[in-house]
>>> print(open('model.cif').read())   # mmCIF, C-alpha atoms; chains and numbers go by the auth columns
data_input
#
loop_
_atom_site.group_PDB
_atom_site.id
_atom_site.type_symbol
_atom_site.label_atom_id
_atom_site.label_comp_id
_atom_site.label_asym_id
_atom_site.label_seq_id
_atom_site.Cartn_x
_atom_site.Cartn_y
_atom_site.Cartn_z
_atom_site.B_iso_or_equiv
_atom_site.auth_seq_id
_atom_site.auth_asym_id
ATOM 1 C CA MET A 1 31.076 1.611 44.534 0.00 1 A
ATOM 2 C CA LYS A 2 30.712 2.832 40.942 0.00 2 A
ATOM 3 C CA VAL A 3 30.508 6.610 41.026 0.00 3 A
ATOM 4 C CA VAL A 4 30.142 9.311 38.386 0.00 4 A
ATOM 5 C CA ILE A 5 31.569 12.712 39.279 0.00 5 A
ATOM 6 C CA PHE A 6 30.311 15.722 37.347 0.00 6 A
ATOM 7 C CA GLY A 7 32.561 18.749 37.802 0.00 7 A
ATOM 8 C CA ALA A 8 35.685 16.714 38.574 0.00 8 A
ATOM 9 C CA THR A 9 38.063 19.249 37.008 0.00 9 A
ATOM 10 C CA GLY A 10 37.016 22.150 39.225 0.00 10 A
ATOM 11 C CA LEU A 11 38.810 23.100 42.433 0.00 11 A
ATOM 12 C CA VAL A 12 36.423 21.117 44.626 0.00 12 A
ATOM 13 C CA GLY A 13 35.911 18.373 42.064 0.00 13 A
ATOM 14 C CA LYS A 14 39.613 17.579 41.796 0.00 14 A
ATOM 15 C CA ASN A 15 39.785 16.936 45.519 0.00 15 A
ATOM 16 C CA VAL A 16 36.561 14.922 45.487 0.00 16 A
ATOM 17 C CA LEU A 17 38.035 12.777 42.721 0.00 17 A
ATOM 18 C CA LYS A 18 41.259 12.199 44.682 0.00 18 A
ATOM 19 C CA GLU A 19 39.336 11.195 47.795 0.00 19 A
ATOM 20 C CA ALA A 20 37.010 8.892 45.870 0.00 20 A
ATOM 21 C CA LEU A 21 39.965 7.046 44.361 0.00 21 A
ATOM 22 C CA TYR A 22 41.736 6.955 47.722 0.00 22 A
ATOM 23 C CA GLN A 23 38.643 5.211 49.115 0.00 23 A
ATOM 24 C CA ASN A 24 38.877 2.681 46.258 0.00 24 A
ATOM 25 C CA HIS A 25 35.676 3.656 44.485 0.00 25 A
ATOM 26 C CA GLN A 26 35.423 3.026 40.752 0.00 26 A
ATOM 27 C CA VAL A 27 35.094 6.511 39.319 0.00 27 A
ATOM 28 C CA THR A 28 33.926 7.841 35.967 0.00 28 A
ATOM 29 C CA VAL A 29 34.363 11.534 35.198 0.00 29 A
ATOM 30 C CA LEU A 30 32.951 13.543 32.336 0.00 30 A
ATOM 31 C CA THR A 31 35.077 16.397 31.071 0.00 31 A
ATOM 32 C CA ARG A 32 35.266 18.524 27.958 0.00 32 A
ATOM 33 C CA LYS A 33 39.064 18.214 27.887 0.00 33 A
ATOM 34 C CA ALA A 34 40.826 14.991 28.879 0.00 34 A
ATOM 35 C CA ASN A 35 44.059 16.811 29.712 0.00 35 A
ATOM 36 C CA LYS A 36 42.306 18.543 32.618 0.00 36 A
ATOM 37 C CA VAL A 37 42.335 15.210 34.464 0.00 37 A
ATOM 38 C CA SER A 38 45.950 14.586 35.446 0.00 38 A
ATOM 39 C CA ILE A 39 45.364 11.566 37.679 0.00 39 A
ATOM 40 C CA LEU A 40 46.142 8.092 36.394 0.00 40 A
ATOM 41 C CA ASP A 41 44.437 5.288 38.295 0.00 41 A
ATOM 42 C CA LYS A 42 43.182 1.821 37.437 0.00 42 A
ATOM 43 C CA ASN A 43 39.823 2.729 38.998 0.00 43 A
ATOM 44 C CA LEU A 44 39.392 5.910 36.936 0.00 44 A
ATOM 45 C CA THR A 45 37.575 6.207 33.609 0.00 45 A
ATOM 46 C CA VAL A 46 37.695 9.550 31.809 0.00 46 A
ATOM 47 C CA VAL A 47 34.966 10.309 29.271 0.00 47 A
ATOM 48 C CA VAL A 48 35.309 13.329 27.004 0.00 48 A
ATOM 49 C CA GLY A 49 32.035 15.137 26.433 0.00 49 A
ATOM 50 C CA ASP A 50 29.694 17.886 27.549 0.00 50 A
ATOM 51 C CA VAL A 51 27.413 17.723 30.580 0.00 51 A
ATOM 52 C CA THR A 52 24.742 19.545 28.592 0.00 52 A
ATOM 53 C CA ASP A 53 24.571 16.705 26.046 0.00 53 A
ATOM 54 C CA ARG A 54 21.816 14.311 27.085 0.00 54 A
ATOM 55 C CA LYS A 55 23.117 11.201 25.296 0.00 55 A
ATOM 56 C CA THR A 56 26.598 11.640 26.716 0.00 56 A
ATOM 57 C CA VAL A 57 25.247 12.008 30.258 0.00 57 A
ATOM 58 C CA SER A 58 23.011 8.978 29.795 0.00 58 A
ATOM 59 C CA ASP A 59 25.923 6.893 28.531 0.00 59 A
ATOM 60 C CA VAL A 60 28.188 7.652 31.508 0.00 60 A
ATOM 61 C CA LEU A 61 25.371 6.841 33.937 0.00 61 A
ATOM 62 C CA LYS A 62 24.837 3.305 32.682 0.00 62 A
ATOM 63 C CA ASP A 63 25.507 0.661 35.375 0.00 63 A
ATOM 64 C CA GLN A 64 26.533 3.251 37.980 0.00 64 A
ATOM 65 C CA ASP A 65 25.684 3.243 41.705 0.00 65 A
ATOM 66 C CA ALA A 66 25.886 6.922 42.585 0.00 66 A
ATOM 67 C CA VAL A 67 26.453 10.451 41.300 0.00 67 A
ATOM 68 C CA ILE A 68 28.406 13.301 42.826 0.00 68 A
ATOM 69 C CA GLN A 69 27.492 16.622 41.268 0.00 69 A
ATOM 70 C CA CYS A 70 29.920 19.437 42.065 0.00 70 A
ATOM 71 C CA LEU A 71 29.466 21.575 38.979 0.00 71 A
ATOM 72 C CA GLY A 72 30.326 25.260 39.058 0.00 72 A
ATOM 73 C CA ILE A 73 30.799 28.251 36.793 0.00 73 A
ATOM 74 C CA GLY A 74 34.527 28.556 37.469 0.00 74 A
ATOM 75 C CA GLY A 75 35.421 30.710 40.451 0.00 75 A
ATOM 76 C CA LYS A 76 33.345 33.859 40.716 0.00 76 A
ATOM 77 C CA GLY A 77 32.114 33.801 37.131 0.00 77 A
ATOM 78 C CA ASP A 78 31.328 37.095 35.414 0.00 78 A
ATOM 79 C CA GLY A 79 28.535 38.230 37.724 0.00 79 A
ATOM 80 C CA LYS A 80 25.870 37.750 35.069 0.00 80 A
ATOM 81 C CA LEU A 81 22.758 35.618 35.404 0.00 81 A
ATOM 82 C CA THR A 82 23.535 31.948 34.909 0.00 82 A
ATOM 83 C CA THR A 83 21.410 28.823 34.842 0.00 83 A
ATOM 84 C CA PHE A 84 24.265 26.491 33.957 0.00 84 A
ATOM 85 C CA VAL A 85 24.325 24.453 37.156 0.00 85 A
ATOM 86 C CA SER A 86 20.556 24.202 37.548 0.00 86 A
ATOM 87 C CA ASP A 87 20.048 23.296 33.875 0.00 87 A
ATOM 88 C CA ALA A 88 22.814 20.680 33.853 0.00 88 A
ATOM 89 C CA ASN A 89 21.575 19.290 37.145 0.00 89 A
ATOM 90 C CA LYS A 90 18.038 18.883 35.757 0.00 90 A
ATOM 91 C CA LEU A 91 19.430 16.900 32.829 0.00 91 A
ATOM 92 C CA ILE A 92 21.466 14.714 35.194 0.00 92 A
ATOM 93 C CA LEU A 93 18.404 14.023 37.346 0.00 93 A
ATOM 94 C CA ASP A 94 16.378 12.996 34.305 0.00 94 A
ATOM 95 C CA GLU A 95 19.032 10.589 33.096 0.00 95 A
ATOM 96 C CA MET A 96 19.675 9.169 36.564 0.00 96 A
ATOM 97 C CA LYS A 97 16.030 8.143 36.750 0.00 97 A
ATOM 98 C CA LYS A 98 16.128 6.572 33.291 0.00 98 A
ATOM 99 C CA ASN A 99 19.239 4.605 34.226 0.00 99 A
ATOM 100 C CA ASN A 100 17.992 3.639 37.701 0.00 100 A
ATOM 101 C CA VAL A 101 20.798 5.438 39.522 0.00 101 A
ATOM 102 C CA GLN A 102 19.301 6.408 42.870 0.00 102 A
ATOM 103 C CA ARG A 103 22.030 8.013 45.011 0.00 103 A
ATOM 104 C CA LEU A 104 22.903 11.678 44.451 0.00 104 A
ATOM 105 C CA ILE A 105 25.232 13.932 46.410 0.00 105 A
ATOM 106 C CA ALA A 106 25.127 17.518 45.177 0.00 106 A
ATOM 107 C CA MET A 107 27.314 20.474 46.070 0.00 107 A
ATOM 108 C CA SER A 108 25.614 23.723 47.063 0.00 108 A
ATOM 109 C CA VAL A 109 26.464 26.812 49.125 0.00 109 A
ATOM 110 C CA ILE A 110 25.411 28.278 52.424 0.00 110 A
ATOM 111 C CA GLY A 111 22.944 30.968 51.423 0.00 111 A
ATOM 112 C CA ALA A 112 20.840 28.674 49.274 0.00 112 A
ATOM 113 C CA GLY A 113 17.417 27.605 50.486 0.00 113 A
ATOM 114 C CA ASP A 114 16.686 28.074 54.170 0.00 114 A
ATOM 115 C CA SER A 115 20.406 28.464 54.934 0.00 115 A
ATOM 116 C CA ILE A 116 20.181 32.111 53.870 0.00 116 A
ATOM 117 C CA ALA A 117 19.010 32.663 57.456 0.00 117 A
ATOM 118 C CA PHE A 118 22.474 31.624 58.688 0.00 118 A
ATOM 119 C CA TYR A 119 23.916 34.930 57.461 0.00 119 A
ATOM 120 C CA PRO A 120 23.584 38.210 59.386 0.00 120 A
ATOM 121 C CA LYS A 121 21.122 40.595 57.741 0.00 121 A
ATOM 122 C CA ILE A 122 23.910 42.968 56.742 0.00 122 A
ATOM 123 C CA PHE A 123 25.145 40.263 54.348 0.00 123 A
ATOM 124 C CA THR A 124 21.770 39.600 52.735 0.00 124 A
ATOM 125 C CA LYS A 125 20.649 43.225 52.630 0.00 125 A
ATOM 126 C CA VAL A 126 23.888 45.041 51.809 0.00 126 A
ATOM 127 C CA ILE A 127 26.998 42.949 51.130 0.00 127 A
ATOM 128 C CA PHE A 128 25.566 40.382 48.682 0.00 128 A
ATOM 129 C CA PRO A 129 23.428 42.723 46.543 0.00 129 A
ATOM 130 C CA TYR A 130 25.925 45.612 46.444 0.00 130 A
ATOM 131 C CA PHE A 131 29.424 44.220 47.014 0.00 131 A
ATOM 132 C CA MET A 132 29.199 40.505 46.162 0.00 132 A
ATOM 133 C CA LYS A 133 26.795 40.375 43.244 0.00 133 A
ATOM 134 C CA TRP A 134 28.801 37.485 41.780 0.00 134 A
ATOM 135 C CA PHE A 135 27.936 35.381 44.836 0.00 135 A
ATOM 136 C CA GLN A 136 24.271 36.319 44.693 0.00 136 A
ATOM 137 C CA VAL A 137 24.202 34.974 41.127 0.00 137 A
ATOM 138 C CA ILE A 138 25.628 31.659 42.343 0.00 138 A
ATOM 139 C CA ILE A 139 23.096 31.473 45.187 0.00 139 A
ATOM 140 C CA ASP A 140 20.254 32.183 42.753 0.00 140 A
ATOM 141 C CA ASP A 141 21.281 29.277 40.527 0.00 141 A
ATOM 142 C CA LYS A 142 21.605 26.952 43.527 0.00 142 A
ATOM 143 C CA ASN A 143 18.105 28.063 44.545 0.00 143 A
ATOM 144 C CA ARG A 144 16.880 26.855 41.175 0.00 144 A
ATOM 145 C CA MET A 145 18.808 23.608 41.570 0.00 145 A
ATOM 146 C CA GLU A 146 17.985 22.552 45.112 0.00 146 A
ATOM 147 C CA PRO A 147 14.179 22.131 44.845 0.00 147 A
ATOM 148 C CA THR A 148 14.528 19.939 41.754 0.00 148 A
ATOM 149 C CA ILE A 149 16.775 17.622 43.760 0.00 149 A
ATOM 150 C CA MET A 150 14.543 17.622 46.820 0.00 150 A
ATOM 151 C CA ASN A 151 11.501 16.747 44.691 0.00 151 A
ATOM 152 C CA SER A 152 13.304 14.258 42.440 0.00 152 A
ATOM 153 C CA GLY A 153 12.387 11.055 44.238 0.00 153 A
ATOM 154 C CA LEU A 154 16.093 10.146 44.334 0.00 154 A
ATOM 155 C CA ASP A 155 18.147 9.352 47.433 0.00 155 A
ATOM 156 C CA TRP A 156 19.743 12.754 47.747 0.00 156 A
ATOM 157 C CA THR A 157 22.015 14.724 50.024 0.00 157 A
ATOM 158 C CA ILE A 158 22.780 18.381 49.327 0.00 158 A
ATOM 159 C CA VAL A 159 26.048 19.577 50.870 0.00 159 A
ATOM 160 C CA ARG A 160 26.122 23.314 51.547 0.00 160 A
ATOM 161 C CA SER A 161 29.583 24.611 52.290 0.00 161 A
ATOM 162 C CA THR A 162 30.823 27.871 53.691 0.00 162 A
ATOM 163 C CA THR A 163 33.837 29.624 52.114 0.00 163 A
ATOM 164 C CA ILE A 164 36.170 26.952 50.755 0.00 164 A
ATOM 165 C CA VAL A 165 39.889 27.541 51.247 0.00 165 A
ATOM 166 C CA ASP A 166 42.656 25.730 49.397 0.00 166 A
ATOM 167 C CA LYS A 167 44.481 24.527 52.497 0.00 167 A
ATOM 168 C CA PRO A 168 45.302 21.154 54.082 0.00 168 A
ATOM 169 C CA SER A 169 42.728 19.336 56.162 0.00 169 A
ATOM 170 C CA LYS A 170 42.083 20.711 59.639 0.00 170 A
ATOM 171 C CA GLY A 171 40.871 17.301 60.749 0.00 171 A
ATOM 172 C CA ASN A 172 37.529 18.556 61.987 0.00 172 A
ATOM 173 C CA ILE A 173 34.228 19.257 60.292 0.00 173 A
ATOM 174 C CA ASN A 174 31.285 21.014 61.886 0.00 174 A
ATOM 175 C CA VAL A 175 28.000 19.788 60.408 0.00 175 A
ATOM 176 C CA THR A 176 24.779 21.655 61.104 0.00 176 A
ATOM 177 C CA LEU A 177 21.206 21.707 59.876 0.00 177 A
ATOM 178 C CA ASP A 178 20.239 24.876 61.741 0.00 178 A
ATOM 179 C CA GLY A 179 23.380 26.997 61.410 0.00 179 A
ATOM 180 C CA LYS A 180 24.550 26.576 64.989 0.00 180 A
ATOM 181 C CA GLY A 181 28.321 26.427 65.390 0.00 181 A
ATOM 182 C CA LEU A 182 28.928 27.382 61.779 0.00 182 A
ATOM 183 C CA LYS A 183 32.263 29.077 61.106 0.00 183 A
ATOM 184 C CA TYR A 184 33.489 31.146 58.160 0.00 184 A
ATOM 185 C CA SER A 185 35.523 28.654 56.148 0.00 185 A
ATOM 186 C CA ILE A 186 36.395 25.030 55.467 0.00 186 A
ATOM 187 C CA SER A 187 39.407 23.318 53.937 0.00 187 A
ATOM 188 C CA ILE A 188 38.813 21.995 50.442 0.00 188 A
ATOM 189 C CA VAL A 189 40.196 18.638 51.587 0.00 189 A
ATOM 190 C CA ASP A 190 37.613 18.441 54.369 0.00 190 A
ATOM 191 C CA VAL A 191 34.833 19.258 51.903 0.00 191 A
ATOM 192 C CA ALA A 192 35.936 16.364 49.705 0.00 192 A
ATOM 193 C CA THR A 193 36.210 14.018 52.679 0.00 193 A
ATOM 194 C CA PHE A 194 32.671 14.836 53.818 0.00 194 A
ATOM 195 C CA ILE A 195 31.214 14.431 50.336 0.00 195 A
ATOM 196 C CA ILE A 196 32.781 11.033 49.753 0.00 196 A
ATOM 197 C CA LYS A 197 31.699 9.860 53.211 0.00 197 A
ATOM 198 C CA GLN A 198 28.077 10.396 52.136 0.00 198 A
ATOM 199 C CA LEU A 199 28.406 7.575 49.613 0.00 199 A
ATOM 200 C CA THR A 200 28.296 5.041 52.429 0.00 200 A
ATOM 201 C CA ASP A 201 26.928 7.047 55.371 0.00 201 A
ATOM 202 C CA LYS A 202 23.193 7.757 55.087 0.00 202 A
ATOM 203 C CA SER A 203 23.008 10.007 58.165 0.00 203 A
ATOM 204 C CA TYR A 204 22.108 13.000 55.995 0.00 204 A
ATOM 205 C CA LEU A 205 19.852 11.253 53.496 0.00 205 A
ATOM 206 C CA TYR A 206 17.151 13.674 52.280 0.00 206 A
ATOM 207 C CA GLN A 207 18.844 16.542 54.114 0.00 207 A
ATOM 208 C CA ALA A 208 20.969 19.582 53.265 0.00 208 A
ATOM 209 C CA PRO A 209 23.710 19.842 55.897 0.00 209 A
ATOM 210 C CA SER A 210 25.901 22.932 56.064 0.00 210 A
ATOM 211 C CA ILE A 211 29.578 22.331 56.767 0.00 211 A
ATOM 212 C CA SER A 212 32.534 24.334 58.019 0.00 212 A
ATOM 213 C CA ASN A 213 35.681 23.735 60.021 0.00 213 A
ATOM 214 C CA ASN A 214 35.375 24.238 63.766 0.00 214 A
#
>>> encode(input="model.cif", output="structure tokens")
Amino acid sequence: MKVVIFGATGLVGKNVLKEALYQNHQVTVLTRKANKVSILDKNLTVVVGDVTDRKTVSDVLKDQDAVIQCLGIGGKGDGKLTTFVSDANKLILDEMKKNNVQRLIAMSVIGAGDSIAFYPKIFTKVIFPYFMKWFQVIIDDKNRMEPTIMNSGLDWTIVRSTTIVDKPSKGNINVTLDGKGLKYSISIVDVATFIIKQLTDKSYLYQAPSISNN
């Protein structure tokens, strides 16, 4: 499958890229700096450019089958209001439609949309607004992003992950739509594995599953 990955140089994106190539997909990545992509593979095309540039995004989407969007602000960011992900995502959606690219898998977080109910009230009432303002900013931007995807008319899946840890695969992934069985973290390798699986598995088409390790 021909796949474009936006955000392939981030912590999650790097692992998604590795898994996509391991599964023999033909991958195109867009990055501002080519040296941030250290992988060399016959199935990898690296395009230098900015995800906020409409023509560049349109060009990389030509003749593609699917998009994986795992954009982020780089770790915790600076705690200030950001619309980067939601703005870039809107541009990507527009250009996907123009280029007849129908399949979209987008990375989100538990806490966005109706998954905010999966957290105990002490998190939403005290911890996020007073002790984790940086995370609240990320959730807010995902809340701007998610409805545009859900109403896009594309074949979408939104993957909401719990805390991602940079550890080897645990070999198990708990997937839930209602929060039941959800744990506190998930290996970055397992996140990538689940995302790439969605390219060929339509079990969560038009849904926003939340994932963690068991």
>>> resolve_selection(input="model.cif", expression="the PyMOL selection byres ((chain A and resi 106) around 8)", output="number ranges by chain")
A: 68-70, 104-105, 107-108, 156-159
>>> residues_around(input="model.cif", residues="region 167-174 of chain A", least_positions_apart="4", cutoff="9 Å", atoms="all atoms listed in the file", output="PyMOL selection string")
chain A and resi 181-183+186-191+194+210-214
>>> write_last_selection(input="model.cif", atoms="C-alpha atoms", output="PDB file, in the frame of the given file")
ATOM      1  CA  GLY A 181      28.321  26.427  65.390  1.00  0.00           C
ATOM      2  CA  LEU A 182      28.928  27.382  61.779  1.00  0.00           C
ATOM      3  CA  LYS A 183      32.263  29.077  61.106  1.00  0.00           C
ATOM      4  CA  ILE A 186      36.395  25.030  55.467  1.00  0.00           C
ATOM      5  CA  SER A 187      39.407  23.318  53.937  1.00  0.00           C
ATOM      6  CA  ILE A 188      38.813  21.995  50.442  1.00  0.00           C
ATOM      7  CA  VAL A 189      40.196  18.638  51.587  1.00  0.00           C
ATOM      8  CA  ASP A 190      37.613  18.441  54.369  1.00  0.00           C
ATOM      9  CA  VAL A 191      34.833  19.258  51.903  1.00  0.00           C
ATOM     10  CA  PHE A 194      32.671  14.836  53.818  1.00  0.00           C
ATOM     11  CA  SER A 210      25.901  22.932  56.064  1.00  0.00           C
ATOM     12  CA  ILE A 211      29.578  22.331  56.767  1.00  0.00           C
ATOM     13  CA  SER A 212      32.534  24.334  58.019  1.00  0.00           C
ATOM     14  CA  ASN A 213      35.681  23.735  60.021  1.00  0.00           C
ATOM     15  CA  ASN A 214      35.375  24.238  63.766  1.00  0.00           C
TER      16      ASN A 214
END
>>> residues_around(input="model.cif", residues="region 38-50 of chain A", least_positions_apart="5", cutoff="10 Å", atoms="all atoms listed in the file", output="list in words")
Lys2, Val3, Val4, Thr9, Lys14, Leu17, Lys18, Ala20, Leu21, Tyr22, Asn24, His25, Gln26, Val27, Thr28, Val29, Leu30, Thr31, Arg32, Lys33, Lys55, Thr56, Val57, Asp59, Val60 and Ala88 of chain A
>>> resolve_selection(input="model.cif", expression="the PyMOL selection byres ((chain A and resi 152) around 12)", output="PyMOL selection string")
chain A and resi 89-97+101-104+145-151+153-157+206
>>> closest_atom_pairs(input="model.cif", of="region 96-146 of chain A", to="region 78-82 of chain A", cutoff="9 Å", atoms="all atoms listed in the file", output="JSON lines")
{"residue": "A:Met132", "atom": "CA", "partner": "A:Gly79", "partner_atom": "CA", "distance": 8.8}
{"residue": "A:Lys133", "atom": "CA", "partner": "A:Gly79", "partner_atom": "CA", "distance": 6.2}
{"residue": "A:Trp134", "atom": "CA", "partner": "A:Gly79", "partner_atom": "CA", "distance": 4.1}
{"residue": "A:Phe135", "atom": "CA", "partner": "A:Gly79", "partner_atom": "CA", "distance": 7.7}
{"residue": "A:Gln136", "atom": "CA", "partner": "A:Gly79", "partner_atom": "CA", "distance": 8.4}
{"residue": "A:Val137", "atom": "CA", "partner": "A:Leu81", "partner_atom": "CA", "distance": 5.9}
{"residue": "A:Ile138", "atom": "CA", "partner": "A:Thr82", "partner_atom": "CA", "distance": 7.7}
{"residue": "A:Asp140", "atom": "CA", "partner": "A:Leu81", "partner_atom": "CA", "distance": 8.5}
{"residue": "A:Asp141", "atom": "CA", "partner": "A:Thr82", "partner_atom": "CA", "distance": 6.6}
>>> residues_around(input="model.cif", residues="Ile139 (chain A)", least_positions_apart="3", cutoff="7 Å", atoms="only C-alpha atoms", output="ChimeraX atom specification")
/A:109,111-112,135-136,142-143
>>> build_atoms(input="model.cif", residues="region 90-105 of chain A", atoms="N, CA and C atoms", output="compact mmCIF listing (two decimals), in the coordinates of the input")
# COMPACT_ATOMS: atom_id res chain seq x y z
N LYS A 90 19.35 19.42 36.17
CA LYS A 90 18.04 18.88 35.76
C LYS A 90 18.24 17.75 34.75
N LEU A 91 19.14 17.94 33.82
CA LEU A 91 19.43 16.90 32.83
C LEU A 91 19.98 15.65 33.52
N ILE A 92 20.89 15.85 34.46
CA ILE A 92 21.47 14.71 35.19
C ILE A 92 20.39 13.95 35.96
N LEU A 93 19.49 14.67 36.62
CA LEU A 93 18.40 14.02 37.35
C LEU A 93 17.55 13.17 36.42
N ASP A 94 17.20 13.74 35.27
CA ASP A 94 16.38 13.00 34.30
C ASP A 94 17.05 11.69 33.90
N GLU A 95 18.33 11.77 33.59
CA GLU A 95 19.03 10.59 33.10
C GLU A 95 19.36 9.60 34.22
N MET A 96 19.51 10.08 35.44
CA MET A 96 19.68 9.17 36.56
C MET A 96 18.44 8.29 36.72
N LYS A 97 17.27 8.90 36.61
CA LYS A 97 16.03 8.14 36.75
C LYS A 97 15.90 7.10 35.64
N LYS A 98 16.23 7.50 34.42
CA LYS A 98 16.13 6.57 33.29
C LYS A 98 17.09 5.39 33.44
N ASN A 99 18.23 5.65 34.07
CA ASN A 99 19.24 4.61 34.23
C ASN A 99 19.20 3.94 35.61
N ASN A 100 18.17 4.25 36.38
CA ASN A 100 17.99 3.64 37.70
C ASN A 100 19.20 3.85 38.63
N VAL A 101 19.74 5.05 38.58
CA VAL A 101 20.80 5.44 39.52
C VAL A 101 20.14 6.28 40.60
N GLN A 102 20.13 5.80 41.84
CA GLN A 102 19.30 6.41 42.87
C GLN A 102 20.03 7.39 43.77
N ARG A 103 21.32 7.20 44.02
CA ARG A 103 22.03 8.01 45.01
C ARG A 103 22.66 9.23 44.37
N LEU A 104 22.35 10.41 44.94
CA LEU A 104 22.90 11.68 44.45
C LEU A 104 23.42 12.50 45.62
N ILE A 105 24.65 12.97 45.48
CA ILE A 105 25.23 13.93 46.41
C ILE A 105 25.57 15.17 45.60
